[in-house]
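Single-structure report; data block below.
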Amino acid sequence: MINDIKYGQYSIDEKAVFTLNDHNRFVVYRNRYNSYVYEKYEDEELKESKLIASEDTLKMDILPITPINVPGKYASYMMLEFNPIILSPKSSFTCYLTMPVEIGVCVDNTIIDTYSLGYTKYVLYGNPERGIICRYNKSNIYEEIPHLTPLIDAAVRCTLINNTDQLKSISKIVYPIEGADMYYKDAYAYFDGVVATIETKFIVDIVSVEVKEVEWNANKTRLGKQFKSSYIMEWGF
Amino acid sequence: MLPDAINILGNEIALSNLITGIIIIASGFIIATLVNQLIKRVLGKYIPDNIEIVLKRIIYWSIITFSIISALSFLGIDFTGLLLAGGIAGIIIGFATQSVVSNLISGLFLHLDKPVKIGDPIEIVGSDISGRIVDITAFSTRIITFDGILVRVPNDKFFTSQLRNFNAYIARRIEFTMDITYDQDINIVKEIISNLLDRHQKILAQPKPIVTAWELADSSIKINVRAWIPSSEWFNIRIELLQLLKEEFDKHGIEIPFPQMTIWFGKSNQAI
(Lines give C-alpha, C1' and ligand atoms only; values in the text may rest on other atoms or scores of the structure.)
Protein backbone atom coordinates (compact mmCIF):
# COMPACT_ATOMS: atom_id res chain seq x y z
CA MET A 1 0.00 0.00 0.00
CA ILE A 2 1.54 3.30 -1.10
CA ASN A 3 -0.23 6.34 0.33
CA ASP A 4 2.50 8.94 0.26
CA ILE A 5 3.02 8.86 -3.49
CA LYS A 6 6.00 10.61 -4.99
CA TYR A 7 6.85 10.99 -8.64
CA GLY A 8 9.41 8.52 -9.89
CA GLN A 9 9.90 4.88 -10.72
CA TYR A 10 8.39 1.98 -8.79
CA SER A 11 9.39 -1.68 -9.14
CA ILE A 12 6.43 -3.99 -8.65
CA ASP A 13 7.09 -7.63 -7.86
CA GLU A 14 3.70 -9.00 -6.83
CA LYS A 15 1.25 -6.24 -5.91
CA ALA A 16 1.12 -2.52 -5.20
CA VAL A 17 -1.79 -0.26 -4.28
CA PHE A 18 -1.37 3.44 -5.08
CA THR A 19 -3.77 5.70 -3.23
CA LEU A 20 -3.81 9.10 -4.91
CA ASN A 21 -6.52 10.69 -2.76
CA ASP A 22 -9.78 9.74 -1.01
CA HIS A 23 -11.48 9.03 -4.34
CA ASN A 24 -8.79 7.70 -6.65
CA ARG A 25 -6.51 4.69 -6.38
CA PHE A 26 -5.02 2.12 -8.67
CA VAL A 27 -3.78 -1.39 -8.08
CA VAL A 28 -1.13 -3.29 -10.00
CA TYR A 29 -0.62 -7.01 -9.38
CA ARG A 30 0.91 -10.02 -11.04
CA ASN A 31 -1.64 -12.57 -12.19
CA ARG A 32 -1.25 -16.35 -12.48
CA TYR A 33 -0.33 -16.08 -16.17
CA ASN A 34 2.79 -14.17 -15.16
CA SER A 35 1.71 -10.82 -16.53
CA TYR A 36 0.44 -7.78 -14.64
CA VAL A 37 -3.05 -6.37 -14.18
CA TYR A 38 -3.66 -2.65 -13.78
CA GLU A 39 -6.95 -1.70 -12.13
CA LYS A 40 -8.27 1.82 -11.71
CA TYR A 41 -10.75 2.56 -8.91
CA GLU A 42 -12.88 5.65 -8.37
CA ASP A 43 -14.70 5.77 -5.04
CA GLU A 44 -14.02 2.04 -4.62
CA GLU A 45 -15.68 1.29 -7.95
CA LEU A 46 -13.59 -0.49 -10.58
CA LYS A 47 -13.49 1.84 -13.59
CA GLU A 48 -10.91 0.27 -15.83
CA SER A 49 -8.72 -2.79 -16.04
CA LYS A 50 -5.71 -3.38 -18.29
CA LEU A 51 -3.33 -6.24 -18.79
CA ILE A 52 0.38 -5.42 -18.95
CA ALA A 53 2.40 -8.21 -20.50
CA SER A 54 5.73 -8.27 -18.68
CA GLU A 55 7.64 -11.31 -17.51
CA ASP A 56 10.22 -9.37 -15.53
CA THR A 57 9.57 -7.22 -12.49
CA LEU A 58 7.35 -4.41 -13.70
CA LYS A 59 8.92 -0.98 -13.65
CA MET A 60 6.25 1.68 -13.53
CA ASP A 61 6.81 5.44 -13.62
CA ILE A 62 4.48 7.91 -11.99
CA LEU A 63 5.21 11.24 -13.60
CA PRO A 64 3.75 14.74 -13.77
CA ILE A 65 2.39 15.50 -17.23
CA THR A 66 0.85 18.59 -18.75
CA PRO A 67 -2.93 18.74 -18.16
CA ILE A 68 -4.39 17.90 -21.56
CA ASN A 69 -5.90 14.44 -21.11
CA VAL A 70 -8.59 14.56 -18.39
CA PRO A 71 -11.57 14.76 -18.80
CA GLY A 72 -10.86 14.86 -22.56
CA LYS A 73 -8.40 16.17 -25.13
CA TYR A 74 -9.86 19.60 -25.65
CA ALA A 75 -6.87 21.86 -25.13
CA SER A 76 -3.26 22.10 -26.20
CA TYR A 77 -2.68 25.39 -24.39
CA MET A 78 -2.73 26.65 -20.83
CA MET A 79 -4.17 29.97 -19.71
CA LEU A 80 -2.98 31.29 -16.37
CA GLU A 81 -4.91 34.25 -15.02
CA PHE A 82 -3.57 36.38 -12.19
CA ASN A 83 -4.10 39.77 -10.60
CA PRO A 84 -3.06 42.51 -13.05
CA ILE A 85 0.63 43.32 -13.14
CA ILE A 86 1.51 46.84 -14.31
CA LEU A 87 4.73 47.06 -16.27
CA SER A 88 6.45 50.37 -16.90
CA PRO A 89 7.84 51.02 -20.43
CA LYS A 90 10.83 48.85 -21.39
CA SER A 91 10.77 46.90 -18.15
CA SER A 92 10.51 43.28 -17.09
CA PHE A 93 9.27 41.33 -14.10
CA THR A 94 9.88 37.74 -13.06
CA CYS A 95 7.55 35.82 -10.80
CA TYR A 96 6.27 32.31 -10.12
CA LEU A 97 2.78 31.07 -10.91
CA THR A 98 1.09 27.74 -10.40
CA MET A 99 -0.54 25.52 -13.01
CA PRO A 100 -2.41 22.23 -12.67
CA VAL A 101 -0.75 18.93 -13.53
CA GLU A 102 -1.99 15.50 -14.38
CA ILE A 103 -0.44 12.32 -13.11
CA GLY A 104 0.76 10.00 -15.83
CA VAL A 105 1.15 6.30 -15.11
CA CYS A 106 3.83 5.13 -17.53
CA VAL A 107 5.38 1.84 -18.56
CA ASP A 108 8.43 1.95 -20.84
CA ASN A 109 8.05 5.71 -21.38
CA THR A 110 4.46 5.26 -22.60
CA ILE A 111 1.53 6.72 -20.70
CA ILE A 112 -1.01 4.01 -19.92
CA ASP A 113 -3.32 6.11 -17.77
CA THR A 114 -3.77 9.64 -16.48
CA TYR A 115 -5.33 11.24 -13.41
CA SER A 116 -6.30 14.79 -12.61
CA LEU A 117 -6.82 15.42 -8.93
CA GLY A 118 -7.43 19.17 -8.93
CA TYR A 119 -10.11 21.53 -10.20
CA THR A 120 -10.49 21.29 -13.99
CA LYS A 121 -11.78 24.12 -16.12
CA TYR A 122 -11.36 25.30 -19.68
CA VAL A 123 -11.69 28.67 -21.42
CA LEU A 124 -12.03 29.93 -24.95
CA TYR A 125 -9.26 32.39 -25.79
CA GLY A 126 -10.33 34.48 -28.77
CA ASN A 127 -13.50 33.90 -30.76
CA PRO A 128 -15.03 30.53 -31.70
CA GLU A 129 -13.89 30.94 -35.31
CA ARG A 130 -10.18 31.53 -34.78
CA GLY A 131 -9.64 31.17 -31.05
CA ILE A 132 -8.31 28.25 -29.05
CA ILE A 133 -9.57 26.28 -26.09
CA CYS A 134 -7.18 26.44 -23.16
CA ARG A 135 -6.94 24.62 -19.86
CA TYR A 136 -7.55 27.34 -17.28
CA ASN A 137 -6.13 28.18 -13.88
CA LYS A 138 -6.32 31.24 -11.69
CA SER A 139 -2.97 31.65 -9.97
CA ASN A 140 -1.54 33.74 -7.20
CA ILE A 141 1.67 35.61 -7.93
CA TYR A 142 4.74 34.47 -6.01
CA GLU A 143 8.15 36.08 -5.80
CA GLU A 144 9.81 32.76 -4.94
CA ILE A 145 9.05 29.14 -5.81
CA PRO A 146 5.68 28.65 -4.13
CA HIS A 147 4.67 25.90 -1.76
CA LEU A 148 2.99 23.40 -4.06
CA THR A 149 0.17 20.97 -3.45
CA PRO A 150 1.64 17.50 -4.13
CA LEU A 151 0.33 15.76 -7.26
CA ILE A 152 -2.04 18.66 -8.03
CA ASP A 153 -0.10 21.69 -9.16
CA ALA A 154 3.25 22.74 -10.58
CA ALA A 155 5.37 25.85 -10.43
CA VAL A 156 5.94 27.96 -13.55
CA ARG A 157 8.58 30.66 -13.76
CA CYS A 158 7.11 33.56 -15.63
CA THR A 159 9.04 36.47 -17.08
CA LEU A 160 6.97 39.39 -18.30
CA ILE A 161 8.64 41.92 -20.58
CA ASN A 162 7.18 45.21 -21.72
CA ASN A 163 8.92 46.14 -24.97
CA THR A 164 6.63 49.08 -25.70
CA ASP A 165 7.02 52.74 -24.77
CA GLN A 166 3.85 52.76 -22.71
CA LEU A 167 2.68 51.48 -19.35
CA LYS A 168 1.02 48.08 -19.84
CA SER A 169 -1.12 45.89 -17.64
CA ILE A 170 -1.14 42.11 -18.05
CA SER A 171 -3.38 39.68 -16.21
CA LYS A 172 -3.12 36.45 -18.19
CA ILE A 173 -0.71 34.39 -20.24
CA VAL A 174 -1.45 31.66 -22.75
CA TYR A 175 1.26 29.14 -23.61
CA PRO A 176 1.49 25.75 -25.34
CA ILE A 177 1.64 22.65 -23.15
CA GLU A 178 0.95 19.73 -25.48
CA GLY A 179 4.04 17.56 -25.77
CA ALA A 180 6.00 19.53 -23.17
CA ASP A 181 8.10 17.70 -20.62
CA MET A 182 7.86 18.55 -16.93
CA TYR A 183 10.27 18.33 -14.01
CA TYR A 184 9.72 16.56 -10.71
CA LYS A 185 11.25 16.14 -7.30
CA ASP A 186 9.48 14.00 -4.70
CA ALA A 187 5.78 14.85 -5.06
CA TYR A 188 6.38 18.31 -6.54
CA ALA A 189 6.23 19.25 -10.20
CA TYR A 190 7.67 22.11 -12.20
CA PHE A 191 7.13 23.47 -15.70
CA ASP A 192 9.67 25.31 -17.83
CA GLY A 193 9.90 29.08 -17.89
CA VAL A 194 7.34 31.14 -19.78
CA VAL A 195 8.63 34.38 -21.28
CA ALA A 196 5.84 36.76 -22.32
CA THR A 197 6.89 39.84 -24.27
CA ILE A 198 4.42 42.67 -24.86
CA GLU A 199 5.02 44.21 -28.27
CA THR A 200 3.24 46.58 -30.59
CA LYS A 201 2.73 45.13 -34.07
CA PHE A 202 1.46 47.88 -36.37
CA ILE A 203 -1.10 49.45 -34.04
CA VAL A 204 -2.09 46.36 -32.07
CA ASP A 205 -0.55 45.19 -28.82
CA ILE A 206 0.26 41.50 -28.78
CA VAL A 207 2.14 39.21 -26.44
CA SER A 208 4.74 36.82 -27.84
CA VAL A 209 4.97 33.87 -25.52
CA GLU A 210 7.86 31.45 -25.53
CA VAL A 211 8.48 28.44 -23.34
CA LYS A 212 12.16 28.22 -22.38
CA GLU A 213 14.04 25.65 -20.37
CA VAL A 214 14.66 26.42 -16.72
CA GLU A 215 17.16 24.72 -14.40
CA TRP A 216 14.89 23.42 -11.64
CA ASN A 217 17.40 21.05 -10.02
CA ALA A 218 14.87 18.26 -10.57
CA ASN A 219 14.36 15.26 -12.84
CA LYS A 220 12.91 15.77 -16.31
CA THR A 221 10.10 13.50 -17.50
CA ARG A 222 11.52 13.00 -21.03
CA LEU A 223 8.43 11.47 -22.54
CA GLY A 224 9.81 12.55 -25.90
CA LYS A 225 6.89 14.29 -27.59
CA GLN A 226 7.06 17.01 -30.21
CA PHE A 227 6.54 20.40 -28.59
CA LYS A 228 5.74 23.70 -30.27
CA SER A 229 7.18 26.13 -27.77
CA SER A 230 5.76 29.50 -28.82
CA TYR A 231 2.42 31.26 -29.18
CA ILE A 232 1.27 34.77 -30.02
CA MET A 233 -1.51 36.17 -27.86
CA GLU A 234 -3.51 38.47 -30.12
CA TRP A 235 -6.85 38.37 -28.30
CA GLY A 236 -5.95 40.47 -25.30
CA PHE A 237 -3.85 40.06 -22.18
CA MET B 1 16.90 11.78 -102.99
CA LEU B 2 13.94 12.81 -100.81
CA PRO B 3 10.83 14.18 -102.57
CA ASP B 4 9.84 17.83 -101.93
CA ALA B 5 6.20 16.90 -101.25
CA ILE B 6 4.17 13.88 -100.22
CA ASN B 7 0.58 13.08 -101.16
CA ILE B 8 -1.55 12.29 -98.10
CA LEU B 9 -5.25 11.60 -98.65
CA GLY B 10 -5.20 13.65 -101.83
CA ASN B 11 -3.37 16.62 -100.26
CA GLU B 12 0.10 17.57 -101.51
CA ILE B 13 2.10 18.28 -98.34
CA ALA B 14 5.61 19.67 -98.36
CA LEU B 15 8.09 17.45 -96.55
CA SER B 16 9.29 20.34 -94.36
CA ASN B 17 5.70 21.08 -93.34
CA LEU B 18 5.12 17.41 -92.54
CA ILE B 19 8.19 17.34 -90.28
CA THR B 20 7.00 20.57 -88.57
CA GLY B 21 3.54 19.01 -88.06
CA ILE B 22 5.08 15.92 -86.44
CA ILE B 23 7.17 18.17 -84.18
CA ILE B 24 3.99 20.10 -83.15
CA ILE B 25 2.22 16.85 -82.20
CA ALA B 26 5.30 15.50 -80.37
CA SER B 27 5.60 18.82 -78.51
CA GLY B 28 1.93 18.51 -77.56
CA PHE B 29 2.60 15.10 -75.98
CA ILE B 30 5.64 16.40 -74.11
CA ILE B 31 3.83 19.52 -72.86
CA ALA B 32 0.79 17.45 -71.78
CA THR B 33 3.03 15.07 -69.80
CA LEU B 34 4.90 17.97 -68.18
CA VAL B 35 1.64 19.75 -67.25
CA ASN B 36 0.36 16.50 -65.70
CA GLN B 37 3.47 16.20 -63.57
CA LEU B 38 3.14 19.85 -62.56
CA ILE B 39 -0.48 19.31 -61.49
CA LYS B 40 0.58 16.30 -59.41
CA ARG B 41 3.35 18.25 -57.69
CA VAL B 42 1.57 21.57 -57.13
CA LEU B 43 -2.05 20.56 -56.58
CA GLY B 44 -1.50 16.95 -55.49
CA LYS B 45 -1.39 17.78 -51.78
CA TYR B 46 -4.39 20.14 -51.88
CA ILE B 47 -6.93 18.12 -53.87
CA PRO B 48 -8.09 14.53 -53.42
CA ASP B 49 -6.75 11.78 -55.67
CA ASN B 50 -9.97 11.22 -57.62
CA ILE B 51 -10.27 14.92 -58.53
CA GLU B 52 -6.59 15.00 -59.45
CA ILE B 53 -6.96 12.05 -61.84
CA VAL B 54 -9.99 13.58 -63.59
CA LEU B 55 -8.32 16.98 -63.84
CA LYS B 56 -5.13 15.48 -65.26
CA ARG B 57 -7.01 13.48 -67.89
CA ILE B 58 -9.06 16.49 -69.04
CA ILE B 59 -5.98 18.71 -69.36
CA TYR B 60 -3.83 15.97 -70.97
CA TRP B 61 -6.32 15.17 -73.73
CA SER B 62 -7.18 18.83 -74.28
CA ILE B 63 -3.51 19.61 -74.99
CA ILE B 64 -3.11 16.56 -77.26
CA THR B 65 -6.29 17.43 -79.20
CA PHE B 66 -5.19 21.06 -79.54
CA SER B 67 -1.74 20.04 -80.80
CA ILE B 68 -3.17 17.58 -83.38
CA ILE B 69 -5.64 20.20 -84.68
CA SER B 70 -2.82 22.77 -84.85
CA ALA B 71 -0.60 20.35 -86.76
CA LEU B 72 -3.35 19.43 -89.23
CA SER B 73 -4.16 23.12 -89.80
CA PHE B 74 -0.48 23.81 -90.39
CA LEU B 75 -0.43 21.04 -93.00
CA GLY B 76 -3.33 22.70 -94.74
CA ILE B 77 -5.77 19.84 -94.23
CA ASP B 78 -9.32 21.19 -94.34
CA PHE B 79 -11.44 19.63 -91.62
CA THR B 80 -14.38 22.06 -91.55
CA GLY B 81 -16.72 19.11 -91.98
CA LEU B 82 -15.03 17.27 -89.14
CA LEU B 83 -15.35 20.32 -86.89
CA LEU B 84 -19.02 20.69 -87.81
CA ALA B 85 -19.70 17.05 -86.97
CA GLY B 86 -17.61 17.37 -83.79
CA GLY B 87 -19.53 20.49 -82.81
CA ILE B 88 -22.88 18.79 -83.20
CA ALA B 89 -21.60 15.73 -81.32
CA GLY B 90 -20.23 18.04 -78.62
CA ILE B 91 -23.63 19.70 -78.15
CA ILE B 92 -25.33 16.29 -77.90
CA ILE B 93 -22.73 14.97 -75.44
CA GLY B 94 -22.90 18.27 -73.51
CA PHE B 95 -26.65 17.98 -73.01
CA ALA B 96 -26.35 14.32 -72.10
CA THR B 97 -23.64 14.82 -69.52
CA GLN B 98 -24.53 18.24 -68.10
CA SER B 99 -25.48 16.84 -64.69
CA VAL B 100 -22.26 14.80 -64.58
CA VAL B 101 -20.17 17.87 -65.41
CA SER B 102 -22.18 19.98 -62.98
CA ASN B 103 -21.49 17.48 -60.19
CA LEU B 104 -17.82 17.34 -61.11
CA ILE B 105 -17.44 21.13 -61.07
CA SER B 106 -19.40 21.35 -57.80
CA GLY B 107 -17.10 18.69 -56.34
CA LEU B 108 -14.12 20.83 -57.29
CA PHE B 109 -15.70 23.91 -55.70
CA LEU B 110 -16.52 21.92 -52.56
CA HIS B 111 -12.83 21.16 -52.19
CA LEU B 112 -11.89 24.79 -52.77
CA ASP B 113 -14.63 26.36 -50.62
CA LYS B 114 -14.34 23.73 -47.85
CA PRO B 115 -17.72 24.29 -46.16
CA VAL B 116 -17.32 20.82 -44.63
CA LYS B 117 -14.65 18.23 -44.14
CA ILE B 118 -14.78 14.47 -43.69
CA GLY B 119 -16.04 13.59 -40.22
CA ASP B 120 -18.04 16.82 -39.69
CA PRO B 121 -21.58 16.43 -38.31
CA ILE B 122 -23.85 18.41 -40.64
CA GLU B 123 -27.46 19.10 -41.51
CA ILE B 124 -28.81 20.01 -44.94
CA VAL B 125 -31.39 22.67 -44.15
CA GLY B 126 -34.82 21.99 -45.58
CA SER B 127 -34.21 18.28 -45.96
CA ASP B 128 -34.34 15.39 -43.53
CA ILE B 129 -30.64 14.69 -44.04
CA SER B 130 -28.34 15.09 -41.09
CA GLY B 131 -25.31 13.04 -40.16
CA ARG B 132 -21.55 12.81 -40.54
CA ILE B 133 -19.68 13.34 -43.82
CA VAL B 134 -17.87 10.12 -44.72
CA ASP B 135 -16.61 10.93 -48.21
CA ILE B 136 -16.57 13.67 -50.83
CA THR B 137 -15.96 12.08 -54.24
CA ALA B 138 -15.79 13.74 -57.67
CA PHE B 139 -19.54 13.41 -58.20
CA SER B 140 -21.22 13.01 -54.81
CA THR B 141 -20.98 13.59 -51.09
CA ARG B 142 -21.69 10.63 -48.83
CA ILE B 143 -23.26 11.16 -45.45
CA ILE B 144 -23.88 8.56 -42.80
CA THR B 145 -26.97 9.65 -40.88
CA PHE B 146 -26.97 9.58 -37.07
CA ASP B 147 -29.06 6.39 -37.24
CA GLY B 148 -26.50 4.72 -39.50
CA ILE B 149 -27.93 5.04 -43.02
CA LEU B 150 -25.71 5.99 -45.95
CA VAL B 151 -27.07 8.90 -47.98
CA ARG B 152 -25.49 9.89 -51.29
CA VAL B 153 -26.06 13.52 -52.23
CA PRO B 154 -25.00 14.68 -55.74
CA ASN B 155 -22.35 17.38 -55.39
CA ASP B 156 -24.33 20.06 -57.28
CA LYS B 157 -27.25 19.66 -54.87
CA PHE B 158 -24.96 19.58 -51.84
CA PHE B 159 -23.01 22.64 -52.98
CA THR B 160 -26.10 24.76 -53.62
CA SER B 161 -27.90 23.70 -50.40
CA GLN B 162 -27.87 25.59 -47.15
CA LEU B 163 -25.68 23.63 -44.74
CA ARG B 164 -25.31 23.63 -40.99
CA ASN B 165 -21.90 22.39 -39.88
CA PHE B 166 -22.02 21.65 -36.16
CA ASN B 167 -18.27 21.20 -35.79
CA ALA B 168 -16.93 24.05 -37.91
CA TYR B 169 -15.69 25.97 -34.89
CA ILE B 170 -14.11 24.75 -31.68
CA ALA B 171 -16.75 26.02 -29.28
CA ARG B 172 -20.55 26.21 -29.34
CA ARG B 173 -23.13 27.77 -27.07
CA ILE B 174 -25.71 25.70 -25.30
CA GLU B 175 -28.98 27.36 -24.33
CA PHE B 176 -32.11 26.27 -22.50
CA THR B 177 -34.82 27.63 -20.29
CA MET B 178 -35.89 26.33 -16.88
CA ASP B 179 -39.23 27.23 -15.28
CA ILE B 180 -39.56 28.00 -11.58
CA THR B 181 -42.59 28.96 -9.51
CA TYR B 182 -43.29 32.58 -8.60
CA ASP B 183 -42.60 32.01 -4.91
CA GLN B 184 -38.93 31.04 -5.54
CA ASP B 185 -36.14 33.55 -4.94
CA ILE B 186 -34.69 34.26 -8.39
CA ASN B 187 -31.25 35.14 -7.00
CA ILE B 188 -30.97 31.85 -5.11
CA VAL B 189 -32.00 29.87 -8.20
CA LYS B 190 -29.49 31.77 -10.34
CA GLU B 191 -26.75 31.05 -7.81
CA ILE B 192 -27.58 27.33 -7.71
CA ILE B 193 -27.41 27.11 -11.51
CA SER B 194 -24.22 29.19 -11.69
CA ASN B 195 -22.52 26.98 -9.10
CA LEU B 196 -23.45 23.88 -11.06
CA LEU B 197 -22.07 25.39 -14.28
CA ASP B 198 -18.92 26.38 -12.44
CA ARG B 199 -18.43 22.85 -11.07
CA HIS B 200 -18.95 21.21 -14.47
CA GLN B 201 -15.52 20.52 -15.97
CA LYS B 202 -16.50 20.85 -19.61
CA ILE B 203 -18.40 24.12 -19.42
CA LEU B 204 -16.03 26.89 -20.39
CA ALA B 205 -15.22 29.48 -17.75
CA GLN B 206 -14.80 32.09 -20.50
CA PRO B 207 -17.03 33.24 -22.19
CA LYS B 208 -18.70 33.31 -18.80
CA PRO B 209 -21.98 31.40 -18.56
CA ILE B 210 -25.03 33.67 -18.37
CA VAL B 211 -28.02 32.88 -16.15
CA THR B 212 -30.91 35.36 -16.34
CA ALA B 213 -34.56 35.68 -15.41
CA TRP B 214 -35.81 35.74 -19.00
CA GLU B 215 -39.57 35.99 -18.82
CA LEU B 216 -42.39 36.41 -16.32
CA ALA B 217 -44.69 33.89 -17.98
CA ASP B 218 -48.28 32.85 -17.19
CA SER B 219 -47.39 29.98 -14.88
CA SER B 220 -43.71 30.41 -14.15
CA ILE B 221 -40.61 32.52 -14.15
CA LYS B 222 -38.44 31.42 -17.04
CA ILE B 223 -34.74 31.21 -16.20
CA ASN B 224 -32.52 31.28 -19.27
CA VAL B 225 -29.14 29.52 -19.19
CA ARG B 226 -26.41 30.10 -21.79
CA ALA B 227 -22.98 28.51 -21.62
CA TRP B 228 -20.16 27.74 -24.05
CA ILE B 229 -18.69 24.28 -24.43
CA PRO B 230 -16.26 22.46 -26.77
CA SER B 231 -18.23 21.69 -29.96
CA SER B 232 -17.31 18.01 -29.86
CA GLU B 233 -19.13 17.66 -26.51
CA TRP B 234 -22.23 19.73 -27.31
CA PHE B 235 -24.73 16.90 -27.62
CA ASN B 236 -23.47 14.94 -24.59
CA ILE B 237 -23.46 17.98 -22.33
CA ARG B 238 -26.88 19.12 -23.56
CA ILE B 239 -28.33 15.83 -22.33
CA GLU B 240 -26.26 15.64 -19.16
CA LEU B 241 -26.80 19.22 -18.03
CA LEU B 242 -30.57 19.12 -18.16
CA GLN B 243 -30.59 16.08 -15.88
CA LEU B 244 -28.02 17.63 -13.52
CA LEU B 245 -30.10 20.81 -13.25
CA LYS B 246 -33.25 18.85 -12.45
CA GLU B 247 -31.37 16.91 -9.76
CA GLU B 248 -29.96 20.14 -8.35
CA PHE B 249 -33.43 21.71 -8.27
CA ASP B 250 -34.77 18.64 -6.45
CA LYS B 251 -31.92 18.81 -3.94
CA HIS B 252 -32.72 22.43 -3.12
CA GLY B 253 -36.48 21.98 -3.18
CA ILE B 254 -36.99 24.19 -6.22
CA GLU B 255 -40.27 23.40 -7.88
CA ILE B 256 -40.78 23.28 -11.63
CA PRO B 257 -44.41 24.36 -12.05
CA PHE B 258 -47.08 22.77 -14.20
CA PRO B 259 -49.02 25.16 -16.45
CA GLN B 260 -51.87 26.65 -14.42
CA MET B 261 -54.83 28.87 -15.21
CA THR B 262 -57.06 30.79 -12.84
CA ILE B 263 -60.56 31.26 -14.27
CA TRP B 264 -62.47 34.19 -12.84
CA PHE B 265 -66.20 34.70 -13.32
CA GLY B 266 -66.87 38.44 -13.13
CA LYS B 267 -70.49 38.18 -11.90
CA SER B 268 -69.97 35.95 -8.91
CA ASN B 269 -66.67 37.59 -7.86
CA GLN B 270 -65.38 34.09 -7.15
CA ALA B 271 -62.18 32.61 -8.40
CA ILE B 272 -62.31 28.88 -9.14
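Chain lettering (A, B, ...) mirrors the order of the C-alpha coordinates, residue numbering begins at 1 for each chain separately, and ligand numbering begins at 1 in order of display.
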
For a quick test of understanding: name the residues of chain B lying within 10 Å of chain A when counting only C-alpha atoms, and present them as a ChimeraX atom specification. /B:168-173,198-208,228-233

Just the residues within 9 Å of Asp22 (chain A), please, counting only C-alpha atoms, with nothing from its chain fewer than 2 positions along; format it as a ChimeraX atom specification. /A:19-20,24-25,42-43

Could you pull out the strand (DSSP E or B) residues of region 2-234 of chain B, going by DSSP on the backbone, and write them as a VMD selection string? chain B and resid 5 to 8 11 to 14 121 to 124 130 to 136 140 to 145 150 to 154 163 to 165 171 to 180 210 to 216 221 to 230

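The coordinates place CA of Phe26 (chain A) at 10.1 Å from CA of Ile2 (chain A).
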
Closest of B:Ile188, B:Ile133, B:Ile68, B:Ala217 to Ile23 (chain B) - atom-to-atom distances counting only C-alpha atoms: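 Closest to Ile23 (chain B), using only C-alpha atoms: B:Ile68.
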
Would you pick out the contacts of Gly104 (chain A) at 9 Å or less, using only C-alpha atoms, so that residues sharing its chain but fewer than 4 positions from it are not included, and give the list as a list in words?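 Skipping anything fewer than 4 positions along the chain leaves Asp61, Ile62, Leu63, Pro64, Ile65, Ile111, Ile112, Asp113, Thr114 and Tyr115 of chain A.
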
Show me, as a tab-separated table (two decimals) with all heavy atoms, in the first residue's frame, the residues that have an atom within 9 Å of Ser208 (chain A) when counting only C-alpha atoms, minus same-chain residues fewer than 3 positions from it.
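That gives us out_17.tsv:
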```tsv
chain	number	residue	atom	x	y	z
A	195	VAL	N	8.21	32.99	-21.06
A	195	VAL	CA	8.63	34.38	-21.28
A	195	VAL	C	7.57	35.05	-22.15
A	195	VAL	O	7.33	34.62	-23.28
A	195	VAL	CB	10.01	34.45	-21.96
A	195	VAL	CG1	10.44	35.90	-22.18
A	195	VAL	CG2	11.05	33.71	-21.12
A	196	ALA	N	6.92	36.07	-21.59
A	196	ALA	CA	5.84	36.76	-22.32
A	196	ALA	C	6.29	38.19	-22.61
A	196	ALA	O	6.55	38.95	-21.68
A	196	ALA	CB	4.56	36.75	-21.50
A	197	THR	N	6.38	38.51	-23.88
A	197	THR	CA	6.89	39.84	-24.27
A	197	THR	C	5.76	40.65	-24.92
A	197	THR	O	5.20	40.24	-25.94
A	197	THR	CB	8.06	39.68	-25.28
A	197	THR	OG1	8.99	38.77	-24.73
A	197	THR	CG2	8.73	41.01	-25.55
A	198	ILE	N	5.46	41.79	-24.30
A	198	ILE	CA	4.42	42.67	-24.86
A	198	ILE	C	5.06	43.52	-25.95
A	198	ILE	O	6.07	44.19	-25.72
A	198	ILE	CB	3.80	43.58	-23.77
A	198	ILE	CG1	3.29	42.73	-22.60
A	198	ILE	CG2	2.68	44.44	-24.35
A	198	ILE	CD1	2.86	43.54	-21.39
A	199	GLU	N	4.47	43.46	-27.14
A	199	GLU	CA	5.02	44.21	-28.27
A	199	GLU	C	3.89	44.91	-29.00
A	199	GLU	O	2.73	44.50	-28.88
A	199	GLU	CB	5.69	43.25	-29.27
A	199	GLU	CG	6.89	42.52	-28.71
A	199	GLU	CD	7.29	41.34	-29.59
A	199	GLU	OE1	6.41	40.64	-30.09
A	199	GLU	OE2	8.49	41.15	-29.75
A	230	SER	N	6.12	28.08	-28.83
A	230	SER	CA	5.76	29.50	-28.82
A	230	SER	C	4.31	29.73	-29.23
A	230	SER	O	3.68	28.88	-29.86
A	230	SER	CB	6.68	30.27	-29.77
A	230	SER	OG	6.56	29.76	-31.07
A	231	TYR	N	3.80	30.89	-28.84
A	231	TYR	CA	2.42	31.26	-29.18
A	231	TYR	C	2.31	32.78	-29.15
A	231	TYR	O	2.98	33.43	-28.35
A	231	TYR	CB	1.44	30.63	-28.16
A	231	TYR	CG	0.00	30.98	-28.45
A	231	TYR	CD1	-0.65	30.48	-29.57
A	231	TYR	CD2	-0.72	31.82	-27.60
A	231	TYR	CE1	-1.96	30.82	-29.85
A	231	TYR	CE2	-2.03	32.16	-27.86
A	231	TYR	CZ	-2.65	31.65	-28.99
A	231	TYR	OH	-3.95	31.99	-29.27
A	232	ILE	N	1.48	33.31	-30.03
A	232	ILE	CA	1.27	34.77	-30.02
A	232	ILE	C	-0.14	35.05	-29.52
A	232	ILE	O	-1.12	34.58	-30.09
A	232	ILE	CB	1.52	35.37	-31.42
A	232	ILE	CG1	3.01	35.28	-31.72
A	232	ILE	CG2	1.06	36.82	-31.48
A	232	ILE	CD1	3.43	35.80	-33.05
A	233	MET	N	-0.21	35.80	-28.43
A	233	MET	CA	-1.51	36.17	-27.86
A	233	MET	C	-1.99	37.44	-28.56
A	233	MET	O	-1.44	38.51	-28.33
A	233	MET	CB	-1.39	36.43	-26.35
A	233	MET	CG	-1.05	35.21	-25.53
A	233	MET	SD	-0.66	35.63	-23.81
A	233	MET	CE	-2.21	36.33	-23.26
A	234	GLU	N	-3.00	37.29	-29.40
A	234	GLU	CA	-3.51	38.47	-30.12
A	234	GLU	C	-4.94	38.80	-29.74
A	234	GLU	O	-5.60	39.62	-30.36
A	234	GLU	CB	-3.38	38.26	-31.64
A	234	GLU	CG	-3.96	36.96	-32.11
A	234	GLU	CD	-3.80	36.76	-33.61
A	234	GLU	OE1	-3.95	37.73	-34.35
A	234	GLU	OE2	-3.55	35.61	-34.01
```

As an exercise, work out the distance from CA of Gly193 (chain A) to CA of Cys95 (chain A) in Å and give it to one decimal place. 10.1 Å

Extract, using only C-alpha atoms, all DNA, RNA and protein residues at most 12 Å from region 89-104 of chain B, discarding same-chain residues fewer than 4 positions from it, and format them as a PyMOL selection string. chain B and resi 50-52+54-55+58+82-85+108-111+136-141+153-160
